[in-house]
Every structure is written in C-alpha cells, then in structure tokens.
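Chemist: There's a structure below that I have some questions on.
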Amino acid sequence: MEKITKISEFKKGENITIRGDIVVSEKIANNGNKYKSLKIEDTSNIAYANIFDNDKNFSLITKEKFYGEIECVVEAVKEATNRYNTFNILSIKECERNDVDNIVNIPELKEYLAKAIHDMKHPGYRQLLFNLFKREDIKGKFFEAPGSEKAGYSFRGGLLARVVRLIKLSKAIKNVYDDINFNLDDTNTKLNEDLLITASIFTEIGRINQLEFTSDKRIEKTDVGNLFDTEHISSKILFEELQKVGGLLDEEEKLLLEHISASTLGQVPSATPEAFAYSLFSLLDKKLSNLEYVKRTSGKIDFAELFGRVMCLKQVEEI
C-alpha cells in the first residue's frame with residue numbers, strides 16, 4: 001500500500017502521494033492556453049498546483065470538487081519566503097475518503113454505554129435515558145454520528161466516543177471525591193454519579209441533528225445546525241424527554257439536571273457540585289481530544305495549529 005504523506009510534511013523536491021478534498025477551476029493563461037488550477041486540502045494543510053491542457057492528466061479531471069489522490073513532486077513549501085505549498089502533478093485520481101471510518105471500536109463503545117445505563121441506581125434518570133434511546137430520531141443516528149465538525153471527535157462514532165469518555169470521567173471523578181473524605185466536620189464533597197452520567201448524554205445529544213456525513217464522507221452542518229447551536233438543540237430534546245418521565249423524577253431532580261446542561265452549555269454560571277465538576281472535565285476532554293485529532297491528522301511533526309492555536313505534539317515517554 002502506498003504511503004500517504006500529509007501536506008504539513010512537505011519537503012521540497014520530494015516525490016510523494018497526498019489525499020484530500022480537491023477543488024478545480026478552469027482558467028486561461030496569458031498565451032491563451034487553458035489550464036486548471038487545483039487546491040487540495042487534507043486535515044493538516046492546503047496545497048496548490050496548476051495543470052495545463054497539454055498535460056496528459058488535464059482531461060482526466062472532469063469534476064469541480066472531489067476527494068482524490070495525487071502523486072506529485074513538491075515544488076515549494078510554505079514558509080517565510082513562500083506564501084503557499086505548491087506541487088507538480090504526476091498522476092491524479094478520484095478515490096474514496098477513508099479518514100472518518102475505523103477510528104474507534106463502535107460495538108465495544110455501545111456495549112459500555114448500555115451497561116452504564118443499565119447499572120444506574122436512580123430509576124428516574126435511568127428511565128429518562130431508556131426513553132431517549134427509544135426515539136426513532138435518536139437510535140438511528142446516535143451510534144454513527146460524528147461528535148464535531150473538524151476537531152477531536154470528527155469521525156464515525158465520534159459522538160458515542162465523546163459520551164463514553166464523559167461517563168468514564170463521571171465515574172472516576174465521583175470515586176476520587178468519595179475517597180477524599182478527610183474533612184472531620186463532614187463537609188466532604190459528594191457527587192451524584194447518575195446525574196453526571198445523564199448530563200453526559202443530554203449535553204451532547206443535539207449533535208445528532210447538528211452534524212451529518214455527506215455522500216463523500218465529509219462532515220458538515222445540517223440546515224438545523226446552521227440555524228441553531230448544539231446548546232439549543234440539546235436543551236430542546238432534554239425538555240421533551242423531561243415531560244415524559246413523569247413522577248420518576250421530582251421537580252428538584254429535573255431542575256438539577258437542567259442546571260448542569262445549561263451551565264455546561266454556557267447559558268448560566270455553574271452553581272452545584274455536579275455542574276462545576278462536569279463543566280470542567282467536559283472542557284478537559286475537548287482539549288485532549290483535540291490533541292488526538294491533531295496527532296491523527298497532521299503527520300509526524302512536533303507542533304501543529306488548530307483553531308489558530310499552536311499545539312505541541314511532543315510527549316515525554318513514561319518510564
């Protein structure tokens with residue numbers, strides 16, 4: 001299998017193969033000859049090339065947009081003296097996108113989630129989640145949906161992976177504070193695990209209607225996602241489900257769950273132990289999953305940029 005090189009790893013003069021989203025525009029040169037200007041973008045960077053009408057590959061390019069593979073020679077690398085990454089095309093072909101599948105073990109994650117919900121002690125929170133996953137608009141999308149557009153959970157099963165990590169963090173942080181019981185005046189912090197697990201799902205659930213895979217496996221916002229943010233969509237689903245659970249949750253329990261959701265999603269300041277804990281470890285997971293995304297998509301480099309911030313990919317190995 002041919003090695004695929006990331007654009008961020010360009011070295012001048014190298015003969016390499018790259019894959020990415022290709023955009024083509026046809027233009028006329030000063031001498032009147034036709035040429036096609038190509039922009040290719042992978043998850044690490046962007047590069048450009050021109051291909052003229054006397055080139056054997058010119059007639060092979062028939063679409064304006066496609067995901068493709070290009071064998072090329074690197075002409076220039078973006079740096080202080082060059083504004084762009086550029087290359088000369090040796091061959092070009094359309095191919096199937098393969099950067100969103102087989103990132104996580106979806107069946108294993110589904111099994112963990114099912115057990116975590118089944119083992120919940122509070123009948124109200126457990127029933128709330130049982131009802132949620134009976135919904136046709138939820139169960140048909142949840143286990144395949146991406147968790148982000150171009151960040152830590154931008155892959156098939158990304159939403160599921162994000163939720164499972166949040167549940168694991170909920171359990172871990174609850175255990176830590178159960179063990180920290182040295183306050184003699186009995187003011188030790190206690191956290192409600194079932195409440196945290198329920199919040200882990202409902203704060204993220206809106207992404208099933210916000211993001212979707214296109215026919216060529218790109219992740220894009222839906223019409224709903226372009227009109228509303230995750231906060232609005234998640235809150236709407238939570239409100240709908242709270243109406244169905246009846247007396248299994250009292251008004252205070254519903255209120256505490258709504259508060260975690262609203263505070264984590266930035267609508268109100270955190271005011272309860274669970275809201276403080278959840279908002280912080282939720283943010284921690286976003287940051288660390290973004291580092292994973294950068295590692296996965298940027299190639300073998302020490303520093304990479306995401307959302308305008310430079311991230312260090314160096315890591316000291318454990319002894």
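So you can find residues: chains in the structure tokens are A, B, ... in the order shown, residues in each start at 1, and ligands are numbered from 1 in order.
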So which residues touch stretch 208-210 of chain A within 12 Å, counting only C-alpha atoms, skipping near sequence neighbours fewer than 5 positions away, as a VMD selection string?
Modeler: chain A and resid 136 to 149 156 to 160 201 to 203 219 to 234 236 to 237
Chemist: Can you pull out the residues contacting A:Gly247? Cut-off 12 Å, using only C-alpha atoms, and skip same-chain residues under 5 positions away; I want them as JSON, numbers by chain.
Modeler: {"A": [123, 124, 125, 127, 128, 242, 252, 253, 254]}
Chemist: Skipping near chain neighbours, those fewer than 4 positions away, what residues fall within 9 Å of stretch 93-102 of chain A using only C-alpha atoms, listed as a PDB file with C-alpha atoms, in the first residue's frame?
Modeler:
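So the final result, stored in result23.pdb, reads:
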```pdb
ATOM      1  CA  ARG A  19      -5.012  12.705  -0.444  1.00  0.00           C
ATOM      2  CA  GLY A  20      -7.636  15.302   0.292  1.00  0.00           C
ATOM      3  CA  ASP A  21     -10.562  17.426  -0.854  1.00  0.00           C
ATOM      4  CA  LEU A  60      -8.741  13.182 -16.500  1.00  0.00           C
ATOM      5  CA  ILE A  61     -10.002  15.967 -14.266  1.00  0.00           C
ATOM      6  CA  PHE A  66     -13.944  15.605  -5.399  1.00  0.00           C
ATOM      7  CA  TYR A  67     -11.874  13.642  -2.895  1.00  0.00           C
ATOM      8  CA  GLY A  68      -8.774  12.391  -4.619  1.00  0.00           C
ATOM      9  CA  GLU A  69      -5.256  11.028  -4.529  1.00  0.00           C
ATOM     10  CA  ILE A  70      -2.362  12.831  -6.219  1.00  0.00           C
ATOM     11  CA  ILE A 106     -18.186   1.227  17.890  1.00  0.00           C
ATOM     12  CA  PRO A 146     -19.727  12.498  14.440  1.00  0.00           C
ATOM     13  CA  SER A 154     -14.683  14.251  13.797  1.00  0.00           C
ATOM     14  CA  PHE A 155     -15.235  10.643  12.775  1.00  0.00           C
ATOM     15  CA  ARG A 156     -17.925   7.976  12.579  1.00  0.00           C
ATOM     16  CA  GLY A 157     -18.933   7.096  16.124  1.00  0.00           C
ATOM     17  CA  ASP A 216     -18.452  11.630   0.037  1.00  0.00           C
ATOM     18  CA  LYS A 217     -17.992  11.247   3.832  1.00  0.00           C
ATOM     19  CA  ARG A 218     -17.288  14.881   4.668  1.00  0.00           C
ATOM     20  CA  ILE A 219     -18.749  16.181   7.924  1.00  0.00           C
ATOM     21  CA  THR A 297      -4.283  14.418  11.036  1.00  0.00           C
TER      22      THR A 297
END
```
Chemist: A:Ala304: which residues within 9 Å, counting only C-alpha atoms, same-chain residues fewer than 2 positions away excluded, as a PyMOL selection string?
Modeler: chain A and resi 8+44+294-295+298+301-302+306+309-313
Chemist: For C-alpha atoms, I'd like the residues from the last selection saved as an mmCIF file, in the first residue's frame.
Modeler:
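Contents of part_20.cif, freshly written:
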```cif
data_model
loop_
_atom_site.group_PDB
_atom_site.id
_atom_site.type_symbol
_atom_site.label_atom_id
_atom_site.label_comp_id
_atom_site.auth_asym_id
_atom_site.auth_seq_id
_atom_site.Cartn_x
_atom_site.Cartn_y
_atom_site.Cartn_z
ATOM 1 C CA SER A 8 2.248 19.562 6.601
ATOM 2 C CA SER A 44 -3.170 19.189 8.046
ATOM 3 C CA VAL A 294 -4.038 16.978 15.602
ATOM 4 C CA LYS A 295 -1.859 13.882 16.108
ATOM 5 C CA SER A 298 -1.047 16.407 10.990
ATOM 6 C CA ILE A 301 5.571 16.864 13.319
ATOM 7 C CA ASP A 302 6.292 18.380 16.734
ATOM 8 C CA LEU A 306 -5.731 24.098 15.344
ATOM 9 C CA ARG A 309 -3.544 27.938 18.335
ATOM 10 C CA VAL A 310 -0.230 26.110 18.170
ATOM 11 C CA MET A 311 -0.281 22.707 19.853
ATOM 12 C CA CYS A 312 2.780 20.746 20.947
ATOM 13 C CA LEU A 313 2.719 17.084 19.969
#
```
Chemist: Name all residues at most 8 Å from A:Ser170 (count only C-alpha atoms; drop same-chain ones fewer than 5 positions away) and give them as a PDB file with N, CA and C atoms, in the first residue's frame.
Modeler:
```pdb
ATOM      1  N   GLU A 193     -23.398  10.315  40.797  1.00  0.00           N
ATOM      2  CA  GLU A 193     -22.912   9.679  39.559  1.00  0.00           C
ATOM      3  C   GLU A 193     -23.991   9.574  38.496  1.00  0.00           C
ATOM      4  N   LEU A 196     -24.523  12.836  36.796  1.00  0.00           N
ATOM      5  CA  LEU A 196     -23.423  13.155  35.880  1.00  0.00           C
ATOM      6  C   LEU A 196     -23.506  12.340  34.589  1.00  0.00           C
ATOM      7  N   ILE A 197     -23.852  11.067  34.710  1.00  0.00           N
ATOM      8  CA  ILE A 197     -23.973  10.211  33.521  1.00  0.00           C
ATOM      9  C   ILE A 197     -25.092  10.723  32.610  1.00  0.00           C
ATOM     10  N   TYR A 278     -18.708  18.742  36.147  1.00  0.00           N
ATOM     11  CA  TYR A 278     -18.972  18.343  34.768  1.00  0.00           C
ATOM     12  C   TYR A 278     -18.441  19.354  33.762  1.00  0.00           C
TER      13      TYR A 278
END
```
Chemist: With distances taken over only C-alpha atoms, which residue among A:Ala277, A:Ile40, A:Leu249, A:Ile117 lies nearest A:Thr189?
Modeler: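 Among A:Ala277, A:Ile40, A:Leu249, A:Ile117, it is A:Ala277 that comes nearest to A:Thr189.
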Chemist: With a distance cut-off of 12 Å and only C-alpha atoms, select the neighbouring residues of A:Asn57, excluding the residue or stretch itself and same-chain residues fewer than 5 positions from it, and output the selection as number ranges by chain.
Modeler: A: 35-36, 50-52, 62, 70-72, 88-93
Chemist: Would you put the residues from that selection into a file with N, CA and C atoms, as a short mmCIF file (atom, residue, chain, number, x, y, z; two decimals), in the first residue's frame?
Modeler:
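The resulting file, selection_18.cif, is reproduced below:
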```cif
data_model
loop_
_atom_site.label_atom_id
_atom_site.label_comp_id
_atom_site.auth_asym_id
_atom_site.auth_seq_id
_atom_site.Cartn_x
_atom_site.Cartn_y
_atom_site.Cartn_z
N TYR A 35 -5.77 26.15 -18.64
CA TYR A 35 -5.16 25.36 -17.57
C TYR A 35 -6.16 25.23 -16.43
N LYS A 36 -5.93 24.24 -15.59
CA LYS A 36 -6.78 24.02 -14.42
C LYS A 36 -5.98 24.29 -13.16
N ASN A 50 -1.05 23.87 -10.71
CA ASN A 50 -1.68 24.17 -12.00
C ASN A 50 -1.37 23.04 -12.96
N ILE A 51 -2.34 22.71 -13.79
CA ILE A 51 -2.12 21.66 -14.77
C ILE A 51 -2.63 22.18 -16.12
N PHE A 52 -1.75 22.14 -17.14
CA PHE A 52 -2.05 22.78 -18.43
C PHE A 52 -2.66 21.78 -19.41
N THR A 62 -12.42 15.90 -14.45
CA THR A 62 -13.71 16.27 -15.03
C THR A 62 -14.68 16.89 -14.03
N ILE A 70 -3.28 12.23 -5.25
CA ILE A 70 -2.36 12.83 -6.22
C ILE A 70 -0.94 12.38 -5.93
N GLU A 71 -0.30 11.83 -6.94
CA GLU A 71 1.15 11.61 -6.86
C GLU A 71 1.80 12.88 -7.40
N CYS A 72 2.76 13.41 -6.71
CA CYS A 72 3.29 14.70 -7.11
C CYS A 72 4.74 14.89 -6.65
N ASN A 88 3.91 19.78 -8.37
CA ASN A 88 3.68 19.41 -9.76
C ASN A 88 3.04 18.03 -9.79
N ILE A 89 1.95 17.90 -10.56
CA ILE A 89 1.19 16.65 -10.58
C ILE A 89 1.83 15.62 -11.50
N LEU A 90 2.01 14.41 -10.99
CA LEU A 90 2.44 13.28 -11.80
C LEU A 90 1.24 12.43 -12.22
N SER A 91 0.33 12.19 -11.27
CA SER A 91 -0.91 11.46 -11.58
C SER A 91 -1.98 11.88 -10.59
N ILE A 92 -3.24 11.73 -11.00
CA ILE A 92 -4.35 12.15 -10.15
C ILE A 92 -5.53 11.22 -10.39
N LYS A 93 -6.23 10.86 -9.31
CA LYS A 93 -7.41 10.01 -9.45
C LYS A 93 -8.37 10.27 -8.30
#
```
Chemist: Could you check the closest approach to A:Lys314 for each of A:Lys110, A:Lys287, A:Lys300, A:Lys168 and tell me which residue wins, using only C-alpha atoms?
Modeler: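 The closest residue to A:Lys314 is A:Lys300.
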Chemist: Suppose you want the space between atom CA of A:Ala199 and atom CA of A:Ser235; what is it in Å?
Modeler: 11.0 Å
Chemist: Of the candidates A:Tyr84, A:Val164, A:Ser282, A:Ser59, which shows the shortest atom-to-atom distance to A:Asn105, using only C-alpha atoms?
Modeler: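 Comparing A:Tyr84, A:Val164, A:Ser282, A:Ser59 against A:Asn105, the winner is A:Val164.
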Chemist: Compare A:Thr43, A:Lys6, A:Leu191, A:Ala29 by their minimum atom-to-atom distance to A:Lys150, counting only C-alpha atoms, and give me the closest one.
Modeler: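 Ranking A:Thr43, A:Lys6, A:Leu191, A:Ala29 by distance to A:Lys150, first place goes to A:Thr43.
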Chemist: Using DSSP on the backbone, list every residue of stretch 95-174 of chain A that comes out as helix (DSSP H, G or I), and give them as an mmCIF file with C-alpha atoms, in the first residue's frame.
Modeler:
```
data_model
loop_
_atom_site.group_PDB
_atom_site.id
_atom_site.type_symbol
_atom_site.label_atom_id
_atom_site.label_comp_id
_atom_site.auth_asym_id
_atom_site.auth_seq_id
_atom_site.Cartn_x
_atom_site.Cartn_y
_atom_site.Cartn_z
ATOM 1 C CA ILE A 106 -18.186 1.227 17.890
ATOM 2 C CA PRO A 107 -19.605 -2.135 19.102
ATOM 3 C CA GLU A 108 -17.365 -2.043 22.183
ATOM 4 C CA LEU A 109 -18.400 1.533 22.977
ATOM 5 C CA LYS A 110 -22.093 0.650 22.508
ATOM 6 C CA GLU A 111 -21.712 -2.236 24.938
ATOM 7 C CA TYR A 112 -20.093 0.015 27.553
ATOM 8 C CA LEU A 113 -22.828 2.646 27.198
ATOM 9 C CA ALA A 114 -25.627 0.072 27.511
ATOM 10 C CA LYS A 115 -24.099 -1.382 30.677
ATOM 11 C CA ALA A 116 -23.501 2.052 32.202
ATOM 12 C CA ILE A 117 -27.168 2.977 31.723
ATOM 13 C CA HIS A 118 -28.398 -0.426 32.905
ATOM 14 C CA PRO A 123 -34.885 4.761 38.314
ATOM 15 C CA GLY A 124 -35.830 8.221 37.056
ATOM 16 C CA TYR A 125 -32.538 9.081 35.353
ATOM 17 C CA ARG A 126 -32.297 5.526 34.010
ATOM 18 C CA GLN A 127 -35.827 5.678 32.547
ATOM 19 C CA LEU A 128 -35.077 9.104 31.060
ATOM 20 C CA LEU A 129 -32.198 7.560 29.096
ATOM 21 C CA PHE A 130 -34.161 4.427 28.178
ATOM 22 C CA ASN A 131 -36.848 6.688 26.699
ATOM 23 C CA LEU A 132 -34.248 8.770 24.867
ATOM 24 C CA GLU A 136 -36.517 6.884 16.190
ATOM 25 C CA ASP A 137 -34.634 10.128 15.540
ATOM 26 C CA ILE A 138 -32.045 9.208 18.195
ATOM 27 C CA LYS A 139 -31.379 5.480 17.927
ATOM 28 C CA GLY A 158 -17.391 10.309 17.434
ATOM 29 C CA LEU A 159 -20.482 11.323 19.413
ATOM 30 C CA LEU A 160 -20.622 7.886 21.032
ATOM 31 C CA ALA A 161 -16.905 8.050 21.881
ATOM 32 C CA ARG A 162 -17.307 11.510 23.430
ATOM 33 C CA VAL A 163 -20.243 10.376 25.578
ATOM 34 C CA VAL A 164 -18.474 7.214 26.766
ATOM 35 C CA ARG A 165 -15.431 9.226 27.805
ATOM 36 C CA LEU A 166 -17.629 11.678 29.695
ATOM 37 C CA ILE A 167 -19.314 8.779 31.502
ATOM 38 C CA LYS A 168 -15.929 7.286 32.407
ATOM 39 C CA LEU A 169 -14.803 10.676 33.687
ATOM 40 C CA SER A 170 -18.041 10.993 35.679
ATOM 41 C CA LYS A 171 -17.356 7.695 37.416
ATOM 42 C CA ALA A 172 -13.690 8.495 38.001
ATOM 43 C CA ILE A 173 -14.250 11.950 39.487
ATOM 44 C CA LYS A 174 -17.048 10.622 41.728
#
```
Chemist: As an MDAnalysis selection string, please: every residue in stretch 210-274 of chain A that a backbone DSSP assignment puts in strand (DSSP E or B).
Modeler: chainID A and resid 211:213 219:221
Chemist: Keeping N, CA and C atoms, export the residues of the selection given above as a PDB file, in the first residue's frame.
Modeler:
```
ATOM      1  N   LEU A 211     -24.939  17.816  12.946  1.00  0.00           N
ATOM      2  CA  LEU A 211     -23.895  17.386  12.017  1.00  0.00           C
ATOM      3  C   LEU A 211     -24.333  16.160  11.244  1.00  0.00           C
ATOM      4  N   GLU A 212     -23.781  16.013  10.032  1.00  0.00           N
ATOM      5  CA  GLU A 212     -24.090  14.841   9.219  1.00  0.00           C
ATOM      6  C   GLU A 212     -22.929  14.540   8.280  1.00  0.00           C
ATOM      7  N   PHE A 213     -22.892  13.302   7.794  1.00  0.00           N
ATOM      8  CA  PHE A 213     -21.924  12.908   6.772  1.00  0.00           C
ATOM      9  C   PHE A 213     -22.534  13.166   5.400  1.00  0.00           C
ATOM     10  N   ILE A 219     -17.852  15.821   6.823  1.00  0.00           N
ATOM     11  CA  ILE A 219     -18.749  16.181   7.924  1.00  0.00           C
ATOM     12  C   ILE A 219     -19.158  17.638   7.743  1.00  0.00           C
ATOM     13  N   GLU A 220     -20.464  17.856   7.697  1.00  0.00           N
ATOM     14  CA  GLU A 220     -20.977  19.212   7.507  1.00  0.00           C
ATOM     15  C   GLU A 220     -22.126  19.475   8.466  1.00  0.00           C
ATOM     16  N   LYS A 221     -22.390  20.750   8.705  1.00  0.00           N
ATOM     17  CA  LYS A 221     -23.565  21.113   9.487  1.00  0.00           C
ATOM     18  C   LYS A 221     -24.822  20.907   8.647  1.00  0.00           C
TER      19      LYS A 221
END
```
Chemist: Using only C-alpha atoms, determine which residues lie at most 8 Å from A:Ile46, disregarding the query and same-chain residues fewer than 4 positions distant; provide the list as a VMD selection string.
Modeler: chain A and resid 7 39 to 42 85
